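Everything on this sheet refers to the single structure shown next.
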Amino acid sequence: MTEHMEIQKIYNPKTIESKWYKFWEEKGFFHAKVTRNKKPYTIVIPPPNITGILTLGHVLNNTIQDIFIRWKRMAGYEACWIPGTDHAGIATQNVVEKSLAEKGLTKEKLGREEFIKKMWEWKEQYGGTIIKQLKYLGTSCDWTRERFTMDEGLSFAVRRVFVELYNKGLIYKGKYIVNWCPRCRTALSDDEVEYRDHDGNLWYVKYPIADSSDSVTVATTRPETMLGDTAVAVNPSDERYKDLINKEVVLPLTDRKIRVIADNFVDPQFGTGIVKVTPAHDPNDFQIGLRHNLRQITVMDETGKMNENAPEQYRGLDRYECRKKILDDLESQGLLLKTEKHTNAVGHCYRCNTVIEPYLSDQWFVKMKPLAQKALEVVLDKKIKFYPERWVKVYQHWMENIRDWCISRQLWWGHRIPVYYCVASNAKSSKEGENTKCPPIVSMEHPDRCPNCSGTDIVQDSDVLDTWFSSWLWPFSTLGWPKENEDLKYFYPTNTLVTGPDIIFFWVARMIMSGLEFMDDVPFRDVYFTSIVRDIKGRKMSKSLGNSPDPLDIIDEYGADALRFTIVYLAPTGQDVLFSKEKCEIGRNLCNKIWNATRYILMNLEGFSYSPVENSKLANMDKWILNEYNLLAKNVHSSLERFNINETVRLIYDFFWSKFCDWYIELTKPKLSTDSPEKVVCQTVLVEVLVGTLKLLHPIMPFITEEIYQLLKSQPGDKNLLSAESIMVSPFPEFDEKKIFPEDIKEVELIIAVIQNIRTLRTELNVPPKKLFEIIVRTNEENKISILEKYLPNLRLMAKVDKISRYSQKPLHSAVIVLSGMEIYVILEGIIDIEKETARLKKTEEELNARLRSLNSKLENEKFITNAPKDQVEKIKLYSKETQENITRIRNRLASLQ
RNA sequence: GGGCGAUUAGCUCAGUUGGUUCAGAGUACUACGUUGACAUCGUAGGGGUCACAGGUUCAAGUCCUGUAUCGCCCACCA
């Protein structure tokens, strides 16, 4: 090894990362194919929106997926990570409409076909941004399998599913109250509505009773909807209003009279106990309306403006202008009795934040109950496992209270609903009645002619499907379904789904339903719910707060490995993670530590050529680190199996930094400066453990581990250890029972304790850092002295001990350490002060006494002796004895100082 | 109104099956140290009644019950 001087002291990720990503891609390491003698391990990416840019949420999510994929790939699985993007109906259409607006254009001016063309152009230009950004993170996706939810294949799957569900009677069309966004001018599913508390008012409005001077008072938060009232309701058991039932009241501001009805829905305690009923503008009123066969009067249009059904003076007004005018009018007519502050939850469009209007319209729905039942069972039966498990309850609650899914959207960007109407017959039908109307044609392809009347004038339903109607098929549509093929058979069901808990209903639940329905099998075995990334103050990351650092900036400043490491190091399992970019110093510093440990090892490999060493040739310090390393390999495996990545990361960090660097490397320094056969053993173990740890770390920090792997490969010598072309395709370390040495490592643990104690003493006594000193050891165990003597070179380097002597007479100018059946006198002539030493020892004695009391109180407790497990009692006895001995030694010393 | 989660060092969090080893890590702080891997470093140190109150147990951050505070989700109260 000659070129070590060229290796920089500071690890610089910049040039390295792009180099290795390119290398991996060119070698085809990311590509997975059907391989009969290997087990598959599959992950489908939660497809990011094409409008998206990389956020820290994506970083966390995709780092975790990459960890699983890289781990399984190294562990011998055919690891397949399928990437792709989602067309994100509303979000994308909004973006493009906005850019059109800047040019003074609207989608209506362009027309549907031209607009869709523009959408695709936009998608080609910007839709791949997030995919490019993911590559900087090091994600090992199989890019040859990249899919888009509006690809031909996936669109085919969507149509197939629609037709199949329709034929099974699980899709229906109907006129219902839906959540309507007046800005996007589309229906939304229940899940796409976000509720937030609004400080609003509750207005009390007087409705005069017809043919009477009396009146009733109703309370409302949305007075503008009163124009669509078709009844007033009271609770049938409400004694106050018994006489009112079936009477008529005059709807103010209109010339209509409406009936008073009785319905159990009405809560007598709330407001006045009298409710206005607006079947066309409120979901509850809609239900009441059905029960009482009420008229549904829609008084708004799809933009939220009052329509022709409203009295003339309100027509064309926006719903909020109308509200104001109505309140003014009521006021001037003396019908507004009072205004009360009232906070209630108001629904907002999850895409544009506009207040949702419940709106009566024709929409397509999926019947969910039949699908939900099986999907709930597989989770309760643990055929699919959730991590953390508590999400099962949330899932269960939703599944048991599921409502039908509104899947039609009044948008242009998306999968157009595969339903066709015969225009001729419909035109006729309006004139000649229902009988001649042809039924809608539900078909995967555009029909040539109407099967009913052979008419050729056929139009497709103008609506598109909810975006989630394509993504719920993702685990099998990406594998080519509905076409039978080998990939689908081999890679489905997928193994692990990694996603945020915020889309458990949108996506996870629906994928489980569709998997069971169309593949007759679960879509995945395990669902790992990630943390939600928040800023350092616990706020959600958002553009408007400006608290969302750009991951690419972080990668630029700290490196992708540092970012990956830090975010999984910080992310607790299933809790929120509070993140700021400065925290990436943890990861950056670890990179630097790894880098410099490697640099040091390389400097000491001159003339070295690797070949395995037999156990019999290993020194105990070698056995100690191999033992620790083996336990690490075991624990890493088990923590990954349990989906506890946080634990995995901490295990490796602690091992590398606190065991390998702080102790093993330091302990081997004396030997490395000699020219003995022992040196070769040390070099071997250093390289073995370094390479092994790099492999364990590779799924988390792919770039630096590859860089070092290749650096080591470029050294002359035997390549047994580094036979793989790349660390990412090298075998993952496994636990090796033959490298566990419970007895031999004890002396190393003793030496570590001695060094730590001497260091503490030095600091306590302010011993000058360079001062060497002698120690005198008093013990009944001769072998302990031999051990100390054997490690004198280490003690010299790490504790500045230059001589070890046996106890013959009371050492005067010294401080004593009592440890493990030994008294170690540190000879400090001119430094030690008898009074101070006495005080120090007394303090130690007190601490030991306290511990002894606590131990003995257990031993004196009969119940403890009888009830506690035997080994536990023995342990406590042993500790008690040791503590007692240490106290005795300290007391003796104190006596001799007098 | 229901449900879930959190509460451990100044801050961010670990703490499996209860058992001197558990009261810990990182960071911040203090002192000392540039010794040829690393100052993006090393050594040592201070700092916590494990939210509170009960209970179970020989033994409780750890299990149970209740309370408080914070956060999230769900819910048709006009």
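Just so we're on the same page: first chain in the structure tokens is A, next is B, and so on; residues restart at 1 for each chain, and ligands are numbered from 1 in the order they show up.
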Chain B contacts to chain A at 12 Å (only C-alpha atoms (C1' of nucleotides)) as a short mmCIF file (atom, residue, chain, number, x, y, z; two decimals) with N, CA and C atoms (P, O5', C5', C4', C3', O3' and C1' of nucleotides), in the first residue's frame:
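Final output, saved to selection_20.cif:
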```cif
data_model
loop_
_atom_site.label_atom_id
_atom_site.label_comp_id
_atom_site.auth_asym_id
_atom_site.auth_seq_id
_atom_site.Cartn_x
_atom_site.Cartn_y
_atom_site.Cartn_z
P G B 2 -66.53 10.82 25.14
"O5'" G B 2 -66.72 9.71 24.03
"C5'" G B 2 -65.95 8.54 24.07
"C4'" G B 2 -65.83 7.94 22.70
"C3'" G B 2 -64.45 7.40 22.41
"O3'" G B 2 -64.29 6.11 22.98
"C1'" G B 2 -65.13 8.73 20.61
P G B 3 -63.06 5.87 23.96
"O5'" G B 3 -61.92 5.56 22.91
"C5'" G B 3 -62.13 4.53 21.94
"C4'" G B 3 -61.18 4.70 20.79
"C3'" G B 3 -59.71 4.80 21.18
"O3'" G B 3 -59.15 3.54 21.49
"C1'" G B 3 -60.22 6.44 19.56
P C B 4 -57.99 3.45 22.55
"O5'" C B 4 -56.74 3.98 21.70
"C5'" C B 4 -56.37 3.32 20.51
"C4'" C B 4 -55.34 4.15 19.76
"C3'" C B 4 -54.11 4.54 20.56
"O3'" C B 4 -53.19 3.47 20.69
"C1'" C B 4 -54.89 6.42 19.39
P G B 5 -52.30 3.38 21.99
"O5'" G B 5 -51.25 4.57 21.77
"C5'" G B 5 -50.29 4.47 20.74
"C4'" G B 5 -49.63 5.79 20.52
"C3'" G B 5 -48.85 6.35 21.70
"O3'" G B 5 -47.60 5.72 21.85
"C1'" G B 5 -50.12 8.08 20.75
P A B 6 -46.94 5.62 23.27
"O5'" A B 6 -46.47 7.13 23.47
"C5'" A B 6 -45.40 7.65 22.71
"C4'" A B 6 -45.26 9.12 22.97
"C3'" A B 6 -44.85 9.49 24.39
"O3'" A B 6 -43.46 9.38 24.57
"C1'" A B 6 -46.66 10.85 23.72
P C B 11 -35.67 20.62 27.85
"O5'" C B 11 -35.00 20.57 26.41
"C5'" C B 11 -35.26 21.59 25.45
"C4'" C B 11 -34.61 21.20 24.14
"C3'" C B 11 -35.08 19.88 23.56
"O3'" C B 11 -36.25 20.05 22.78
"C1'" C B 11 -32.72 19.92 23.58
P U B 12 -37.29 18.87 22.62
"O5'" U B 12 -36.46 17.83 21.74
"C5'" U B 12 -36.32 18.05 20.35
"C4'" U B 12 -35.62 16.87 19.71
"C3'" U B 12 -36.23 15.51 20.04
"O3'" U B 12 -37.36 15.24 19.24
"C1'" U B 12 -33.89 15.39 20.29
P C B 13 -38.47 14.23 19.76
"O5'" C B 13 -37.59 13.11 20.45
"C5'" C B 13 -37.94 11.76 20.38
"C4'" C B 13 -36.68 10.94 20.31
"C3'" C B 13 -36.76 9.58 20.97
"O3'" C B 13 -37.36 8.64 20.08
"C1'" C B 13 -34.75 10.63 21.62
P A B 14 -38.00 7.32 20.64
"O5'" A B 14 -36.72 6.39 20.65
"C5'" A B 14 -36.17 6.04 21.86
"C4'" A B 14 -35.01 5.15 21.60
"C3'" A B 14 -35.15 3.82 22.32
"O3'" A B 14 -35.70 2.86 21.46
"C1'" A B 14 -33.19 4.91 23.03
P G B 15 -36.81 1.89 21.96
"O5'" G B 15 -35.96 1.29 23.16
"C5'" G B 15 -36.53 0.48 24.10
"C4'" G B 15 -35.56 0.24 25.22
"C3'" G B 15 -36.28 -0.03 26.53
"O3'" G B 15 -36.66 -1.39 26.63
"C1'" G B 15 -34.73 1.68 26.88
P U B 16 -38.22 -1.68 26.52
"O5'" U B 16 -38.42 -3.14 27.11
"C5'" U B 16 -37.76 -4.27 26.59
"C4'" U B 16 -38.55 -4.93 25.49
"C3'" U B 16 -38.81 -6.41 25.68
"O3'" U B 16 -39.99 -6.79 25.02
"C1'" U B 16 -37.12 -6.05 24.06
P G B 18 -41.50 -8.76 32.03
"O5'" G B 18 -40.54 -7.54 31.65
"C5'" G B 18 -39.26 -7.48 32.13
"C4'" G B 18 -39.22 -6.46 33.27
"C3'" G B 18 -38.05 -6.73 34.21
"O3'" G B 18 -37.19 -5.62 34.08
"C1'" G B 18 -40.13 -6.37 35.38
P G B 19 -35.70 -5.70 34.04
"O5'" G B 19 -35.26 -6.20 35.47
"C5'" G B 19 -34.71 -5.25 36.39
"C4'" G B 19 -34.09 -5.97 37.53
"C3'" G B 19 -32.79 -6.68 37.19
"O3'" G B 19 -31.78 -6.07 37.99
"C1'" G B 19 -34.25 -8.07 38.47
P U B 20 -30.47 -5.72 37.54
"O5'" U B 20 -30.05 -4.87 38.80
"C5'" U B 20 -28.94 -5.28 39.52
"C4'" U B 20 -28.47 -4.18 40.39
"C3'" U B 20 -27.77 -3.06 39.61
"O3'" U B 20 -28.57 -1.89 39.56
"C1'" U B 20 -26.26 -4.16 41.02
P U B 21 -28.54 -0.96 38.34
"O5'" U B 21 -27.40 -1.67 37.47
"C5'" U B 21 -27.20 -1.27 36.19
"C4'" U B 21 -25.92 -1.86 35.63
"C3'" U B 21 -25.97 -1.99 34.10
"O3'" U B 21 -25.72 -0.74 33.48
"C1'" U B 21 -25.18 -4.00 35.01
P A B 25 -24.32 7.44 28.09
"O5'" A B 25 -24.82 7.55 26.57
"C5'" A B 25 -24.55 6.49 25.66
"C4'" A B 25 -25.18 6.79 24.33
"C3'" A B 25 -24.85 8.15 23.75
"O3'" A B 25 -23.60 8.13 23.09
"C1'" A B 25 -27.18 7.79 23.59
P G B 26 -22.73 9.45 23.01
"O5'" G B 26 -23.53 10.34 21.97
"C5'" G B 26 -23.56 10.00 20.59
"C4'" G B 26 -24.52 10.90 19.88
"C3'" G B 26 -24.25 12.39 20.06
"O3'" G B 26 -23.28 12.86 19.15
"C1'" G B 26 -26.54 11.95 20.46
P U B 27 -22.31 13.99 19.53
"O5'" U B 27 -23.28 15.23 19.75
"C5'" U B 27 -23.91 15.88 18.64
"C4'" U B 27 -24.91 16.90 19.14
"C3'" U B 27 -24.35 17.97 20.06
"O3'" U B 27 -23.76 19.04 19.32
"C1'" U B 27 -26.32 17.08 21.01
P A B 31 -14.14 25.56 30.68
"O5'" A B 31 -13.20 24.36 31.18
"C5'" A B 31 -12.79 24.32 32.53
"C4'" A B 31 -12.00 23.05 32.75
"C3'" A B 31 -10.88 22.80 31.76
"O3'" A B 31 -9.73 23.54 32.08
"C1'" A B 31 -12.13 20.82 32.04
P C B 32 -8.77 24.05 30.91
"O5'" C B 32 -8.03 22.71 30.48
"C5'" C B 32 -7.22 22.03 31.42
"C4'" C B 32 -6.90 20.65 30.92
"C3'" C B 32 -6.28 20.58 29.54
"O3'" C B 32 -4.91 20.92 29.56
"C1'" C B 32 -7.96 18.94 29.72
P G B 33 -4.29 21.61 28.27
"O5'" G B 33 -4.30 20.44 27.20
"C5'" G B 33 -3.48 19.32 27.43
"C4'" G B 33 -3.80 18.23 26.45
"C3'" G B 33 -3.53 18.55 24.98
"O3'" G B 33 -2.17 18.44 24.68
"C1'" G B 33 -5.59 17.41 25.20
P U B 35 0.46 16.43 18.70
"O5'" U B 35 1.57 15.56 19.47
"C5'" U B 35 1.25 14.81 20.58
"C4'" U B 35 1.36 13.31 20.28
"C3'" U B 35 0.69 12.88 18.97
"O3'" U B 35 1.64 12.80 17.92
"C1'" U B 35 -0.12 11.59 20.80
P G B 36 1.29 13.14 16.46
"O5'" G B 36 0.61 11.72 16.12
"C5'" G B 36 -0.66 11.65 15.52
"C4'" G B 36 -0.57 11.02 14.14
"C3'" G B 36 -0.42 9.49 14.14
"O3'" G B 36 -1.69 8.92 14.24
"C1'" G B 36 1.14 10.45 12.66
P A B 37 -2.11 7.54 14.02
"O5'" A B 37 -3.30 7.92 13.03
"C5'" A B 37 -3.11 7.99 11.65
"C4'" A B 37 -4.41 8.37 10.99
"C3'" A B 37 -5.15 9.53 11.65
"O3'" A B 37 -4.71 10.76 11.10
"C1'" A B 37 -6.62 7.70 11.39
P C B 38 -4.87 12.12 11.93
"O5'" C B 38 -6.44 12.35 12.01
"C5'" C B 38 -7.19 12.73 10.87
"C4'" C B 38 -8.65 12.65 11.17
"C3'" C B 38 -9.12 13.54 12.32
"O3'" C B 38 -9.41 14.84 11.84
"C1'" C B 38 -10.00 11.35 12.57
P A B 39 -8.74 16.08 12.43
"O5'" A B 39 -9.73 16.67 13.54
"C5'" A B 39 -11.15 16.66 13.39
"C4'" A B 39 -11.70 17.72 14.32
"C3'" A B 39 -11.39 19.16 13.92
"O3'" A B 39 -12.55 19.95 14.06
"C1'" A B 39 -10.63 18.75 16.12
P U B 40 -13.57 20.13 12.88
"O5'" U B 40 -14.50 18.83 13.01
"C5'" U B 40 -15.77 18.88 13.73
"C4'" U B 40 -16.45 17.54 13.44
"C3'" U B 40 -15.40 16.43 13.48
"O3'" U B 40 -15.59 15.48 14.50
"C1'" U B 40 -16.42 16.58 11.29
P C B 41 -16.33 14.95 15.42
"O5'" C B 41 -15.26 13.93 16.00
"C5'" C B 41 -14.42 13.17 15.15
"C4'" C B 41 -13.06 12.98 15.78
"C3'" C B 41 -13.07 12.66 17.26
"O3'" C B 41 -13.41 11.32 17.51
"C1'" C B 41 -11.41 14.26 16.84
P G B 42 -14.12 10.91 18.82
"O5'" G B 42 -12.91 10.96 19.85
"C5'" G B 42 -11.81 10.09 19.67
"C4'" G B 42 -10.77 10.37 20.71
"C3'" G B 42 -11.25 10.33 22.14
"O3'" G B 42 -11.36 9.00 22.61
"C1'" G B 42 -9.91 12.22 21.83
P U B 43 -12.45 8.62 23.64
"O5'" U B 43 -11.85 9.22 24.97
"C5'" U B 43 -10.65 8.69 25.51
"C4'" U B 43 -10.26 9.48 26.72
"C3'" U B 43 -11.36 9.68 27.75
"O3'" U B 43 -11.54 8.54 28.56
"C1'" U B 43 -10.25 11.73 27.39
P A B 44 -12.97 8.19 29.07
"O5'" A B 44 -13.21 9.30 30.18
"C5'" A B 44 -12.54 9.19 31.42
"C4'" A B 44 -12.63 10.50 32.15
"C3'" A B 44 -14.02 10.94 32.58
"O3'" A B 44 -14.48 10.25 33.72
"C1'" A B 44 -12.86 12.77 31.67
P G B 45 -16.04 10.14 33.98
"O5'" G B 45 -16.45 11.62 34.36
"C5'" G B 45 -15.98 12.22 35.57
"C4'" G B 45 -16.40 13.66 35.64
"C3'" G B 45 -17.90 13.90 35.70
"O3'" G B 45 -18.38 13.73 37.02
"C1'" G B 45 -16.94 15.38 34.14
P U B 57 -49.87 -8.36 45.29
"O5'" U B 57 -48.38 -8.54 44.76
"C5'" U B 57 -48.08 -9.52 43.79
"C4'" U B 57 -46.65 -9.39 43.36
"C3'" U B 57 -45.63 -9.34 44.50
"O3'" U B 57 -45.33 -10.62 44.99
"C1'" U B 57 -45.14 -7.66 42.90
P C B 58 -45.08 -10.82 46.55
"O5'" C B 58 -43.73 -10.03 46.81
"C5'" C B 58 -43.33 -9.73 48.14
"C4'" C B 58 -41.88 -9.33 48.14
"C3'" C B 58 -41.52 -8.24 47.15
"O3'" C B 58 -41.75 -6.95 47.68
"C1'" C B 58 -39.98 -10.03 46.94
P A B 59 -42.40 -5.84 46.77
"O5'" A B 59 -41.29 -5.65 45.64
"C5'" A B 59 -40.05 -5.00 45.98
"C4'" A B 59 -39.16 -4.94 44.77
"C3'" A B 59 -39.77 -4.27 43.55
"O3'" A B 59 -39.63 -2.88 43.63
"C1'" A B 59 -38.72 -6.31 42.92
P C B 70 -52.74 21.45 26.70
"O5'" C B 70 -51.79 20.77 25.64
"C5'" C B 70 -50.50 21.32 25.36
"C4'" C B 70 -49.69 20.33 24.56
"C3'" C B 70 -50.32 19.85 23.27
"O3'" C B 70 -50.19 20.78 22.22
"C1'" C B 70 -49.46 17.99 24.44
P G B 71 -51.33 20.87 21.09
"O5'" G B 71 -51.05 19.56 20.23
"C5'" G B 71 -49.85 19.45 19.49
"C4'" G B 71 -49.69 18.05 18.97
"C3'" G B 71 -50.81 17.56 18.07
"O3'" G B 71 -50.71 18.08 16.75
"C1'" G B 71 -50.23 15.87 19.60
P C B 72 -52.06 18.26 15.88
"O5'" C B 72 -52.37 16.77 15.41
"C5'" C B 72 -51.48 16.10 14.53
"C4'" C B 72 -51.84 14.63 14.46
"C3'" C B 72 -53.23 14.32 13.94
"O3'" C B 72 -53.31 14.36 12.53
"C1'" C B 72 -52.84 13.05 15.89
P C B 73 -54.68 14.79 11.83
"O5'" C B 73 -55.55 13.46 11.97
"C5'" C B 73 -55.16 12.28 11.29
"C4'" C B 73 -55.98 11.11 11.78
"C3'" C B 73 -57.49 11.24 11.58
"O3'" C B 73 -57.88 10.93 10.26
"C1'" C B 73 -57.06 10.49 13.77
P C B 74 -59.14 11.69 9.63
"O5'" C B 74 -60.35 10.97 10.39
"C5'" C B 74 -60.62 9.60 10.16
"C4'" C B 74 -61.61 9.09 11.18
"C3'" C B 74 -62.96 9.76 11.18
"O3'" C B 74 -63.80 9.29 10.15
"C1'" C B 74 -62.21 9.58 13.39
P A B 75 -64.75 10.36 9.42
"O5'" A B 75 -65.92 10.59 10.47
"C5'" A B 75 -66.39 9.51 11.28
"C4'" A B 75 -67.39 10.01 12.27
"C3'" A B 75 -68.19 11.23 11.86
"O3'" A B 75 -69.27 10.88 11.01
"C1'" A B 75 -67.43 11.53 14.07
P C B 76 -69.67 11.84 9.81
"O5'" C B 76 -70.25 13.11 10.55
"C5'" C B 76 -70.60 14.26 9.80
"C4'" C B 76 -71.95 14.77 10.22
"C3'" C B 76 -72.14 14.88 11.72
"O3'" C B 76 -71.62 16.10 12.19
"C1'" C B 76 -74.01 13.78 10.78
P C B 77 -70.63 16.09 13.37
"O5'" C B 77 -70.76 17.55 13.97
"C5'" C B 77 -71.71 17.77 14.98
"C4'" C B 77 -73.04 18.01 14.37
"C3'" C B 77 -73.65 19.38 14.62
"O3'" C B 77 -73.44 20.23 13.51
"C1'" C B 77 -75.06 17.70 15.49
P A B 78 -72.88 21.69 13.79
"O5'" A B 78 -73.71 22.67 12.86
"C5'" A B 78 -75.05 22.86 13.10
"C4'" A B 78 -75.82 22.35 11.92
"C3'" A B 78 -76.48 23.47 11.12
"O3'" A B 78 -76.50 23.12 9.74
"C1'" A B 78 -78.12 22.11 12.20
#
```
Using DSSP on the backbone coordinates, identify the residues of stretch 609-818 of chain A assigned to alpha helix (DSSP H); present them as a PyMOL selection string.
chain A and resi 620-641+645-654+666-672+677-697+702-713+746-764+782-790+792-799
Pull the strand (DSSP E) assignments for stretch 401-524 of chain A out of DSSP run on the backbone, and list those residues as a list of chain:residue names.
A:Trp405, A:Cys406, A:Ser408, A:Arg409, A:Val419, A:Tyr420, A:Tyr421, A:Cys422, A:Ile441, A:Val442, A:Ile458, A:Val459, A:Gln460, A:Val464, A:Leu465, A:Thr496, A:Leu497, A:Val498, A:Thr499
Would you save the residues of that selection, restricted to N, CA, C and O atoms, as a JSON list (two decimals), in the first residue's frame?
```
[["chain", "number", "residue", "atom", "x", "y", "z"],
["A", 405, "TRP", "N", -67.51, 4.62, -2.05],
["A", 405, "TRP", "CA", -66.41, 5.45, -2.54],
["A", 405, "TRP", "C", -66.86, 6.17, -3.81],
["A", 405, "TRP", "O", -67.17, 5.52, -4.81],
["A", 406, "CYS", "N", -66.90, 7.48, -3.73],
["A", 406, "CYS", "CA", -67.23, 8.27, -4.91],
["A", 406, "CYS", "C", -66.00, 8.34, -5.80],
["A", 406, "CYS", "O", -64.98, 8.89, -5.42],
["A", 408, "SER", "N", -66.02, 9.19, -9.30],
["A", 408, "SER", "CA", -66.02, 10.06, -10.49],
["A", 408, "SER", "C", -65.51, 11.45, -10.12],
["A", 408, "SER", "O", -65.77, 11.95, -9.03],
["A", 409, "ARG", "N", -64.78, 12.02, -11.04],
["A", 409, "ARG", "CA", -64.25, 13.37, -10.84],
["A", 409, "ARG", "C", -64.55, 14.17, -12.10],
["A", 409, "ARG", "O", -64.34, 13.68, -13.21],
["A", 419, "VAL", "N", -67.58, 4.32, -19.69],
["A", 419, "VAL", "CA", -69.03, 4.17, -19.85],
["A", 419, "VAL", "C", -69.45, 5.06, -21.02],
["A", 419, "VAL", "O", -68.97, 6.20, -21.13],
["A", 420, "TYR", "N", -70.31, 4.51, -21.85],
["A", 420, "TYR", "CA", -70.69, 5.21, -23.09],
["A", 420, "TYR", "C", -72.20, 5.33, -23.16],
["A", 420, "TYR", "O", -72.93, 4.47, -22.65],
["A", 421, "TYR", "N", -72.64, 6.41, -23.80],
["A", 421, "TYR", "CA", -74.07, 6.62, -23.91],
["A", 421, "TYR", "C", -74.45, 6.76, -25.38],
["A", 421, "TYR", "O", -73.72, 7.38, -26.16],
["A", 422, "CYS", "N", -75.58, 6.22, -25.68],
["A", 422, "CYS", "CA", -76.11, 6.30, -27.04],
["A", 422, "CYS", "C", -76.85, 7.63, -27.18],
["A", 422, "CYS", "O", -77.87, 7.86, -26.55],
["A", 441, "ILE", "N", -73.52, 1.94, -21.85],
["A", 441, "ILE", "CA", -72.68, 0.83, -22.28],
["A", 441, "ILE", "C", -71.39, 0.89, -21.48],
["A", 441, "ILE", "O", -70.66, 1.88, -21.54],
["A", 442, "VAL", "N", -71.15, -0.15, -20.70],
["A", 442, "VAL", "CA", -69.93, -0.19, -19.90],
["A", 442, "VAL", "C", -68.96, -1.12, -20.61],
["A", 442, "VAL", "O", -69.21, -2.32, -20.72],
["A", 458, "ILE", "N", -72.26, 7.70, -30.39],
["A", 458, "ILE", "CA", -72.01, 7.27, -29.02],
["A", 458, "ILE", "C", -70.99, 8.19, -28.36],
["A", 458, "ILE", "O", -69.97, 8.52, -28.96],
["A", 459, "VAL", "N", -71.31, 8.63, -27.16],
["A", 459, "VAL", "CA", -70.33, 9.49, -26.45],
["A", 459, "VAL", "C", -69.93, 8.83, -25.14],
["A", 459, "VAL", "O", -70.69, 8.10, -24.52],
["A", 460, "GLN", "N", -68.69, 9.14, -24.76],
["A", 460, "GLN", "CA", -68.18, 8.57, -23.51],
["A", 460, "GLN", "C", -68.55, 9.49, -22.35],
["A", 460, "GLN", "O", -68.65, 10.72, -22.52],
["A", 464, "VAL", "N", -63.73, 11.68, -15.26],
["A", 464, "VAL", "CA", -62.60, 10.76, -15.12],
["A", 464, "VAL", "C", -62.69, 10.12, -13.74],
["A", 464, "VAL", "O", -63.51, 10.51, -12.90],
["A", 465, "LEU", "N", -61.80, 9.15, -13.52],
["A", 465, "LEU", "CA", -61.83, 8.42, -12.25],
["A", 465, "LEU", "C", -60.89, 9.07, -11.22],
["A", 465, "LEU", "O", -59.88, 9.67, -11.58],
["A", 496, "THR", "N", -43.00, -6.01, 1.24],
["A", 496, "THR", "CA", -43.09, -4.94, 2.23],
["A", 496, "THR", "C", -43.61, -3.67, 1.58],
["A", 496, "THR", "O", -43.14, -3.30, 0.51],
["A", 497, "LEU", "N", -44.56, -3.06, 2.23],
["A", 497, "LEU", "CA", -45.02, -1.75, 1.78],
["A", 497, "LEU", "C", -44.55, -0.74, 2.81],
["A", 497, "LEU", "O", -44.75, -0.93, 4.00],
["A", 498, "VAL", "N", -43.89, 0.31, 2.34],
["A", 498, "VAL", "CA", -43.40, 1.35, 3.23],
["A", 498, "VAL", "C", -44.13, 2.64, 2.89],
["A", 498, "VAL", "O", -44.01, 3.14, 1.79],
["A", 499, "THR", "N", -44.89, 3.14, 3.83],
["A", 499, "THR", "CA", -45.67, 4.32, 3.52],
["A", 499, "THR", "C", -46.03, 5.08, 4.79],
["A", 499, "THR", "O", -45.84, 4.60, 5.89]]
```
Can you pull out the residues contacting B:C64? Cut-off 12 Å, using only C-alpha atoms (C1' of nucleotides), and skip same-chain residues under 6 positions away; I want them as a ChimeraX atom specification.
/B:54-57
Using only C-alpha atoms, I'd like a table of the residues in stretch 386-419 of chain A that come within 10 Å of stretch 366-370 of chain A; for each, show the closest atom pair and its distance in Å rounded to one decimal, ordered by chain and ascending number, as CSV.
```
residue,atom,partner,partner_atom,distance
A:Met399,CA,A:Lys369,CA,8.1
A:Glu400,CA,A:Lys369,CA,8.3
A:Asn401,CA,A:Lys369,CA,8.8
A:Ile402,CA,A:Lys369,CA,6.7
A:Arg403,CA,A:Met368,CA,6.4
A:Asp404,CA,A:Lys367,CA,5.0
A:Trp405,CA,A:Val366,CA,5.1
A:Cys406,CA,A:Val366,CA,6.6
A:Ile407,CA,A:Val366,CA,7.0
A:Ser408,CA,A:Val366,CA,9.9
```
Selection from above, C-alpha atoms, as a PDB file, in the first residue's frame, can you write it?
```
ATOM      1  CA  MET A 399     -63.194  -0.749   7.585  1.00  0.00           C
ATOM      2  CA  GLU A 400     -66.103  -1.352   9.886  1.00  0.00           C
ATOM      3  CA  ASN A 401     -67.574   2.061   9.207  1.00  0.00           C
ATOM      4  CA  ILE A 402     -66.729   2.246   5.565  1.00  0.00           C
ATOM      5  CA  ARG A 403     -68.914   4.185   3.170  1.00  0.00           C
ATOM      6  CA  ASP A 404     -69.203   3.919  -0.559  1.00  0.00           C
ATOM      7  CA  TRP A 405     -66.407   5.451  -2.544  1.00  0.00           C
ATOM      8  CA  CYS A 406     -67.229   8.270  -4.909  1.00  0.00           C
ATOM      9  CA  ILE A 407     -64.903   7.601  -7.833  1.00  0.00           C
ATOM     10  CA  SER A 408     -66.018  10.060 -10.488  1.00  0.00           C
TER      11      SER A 408
END
```
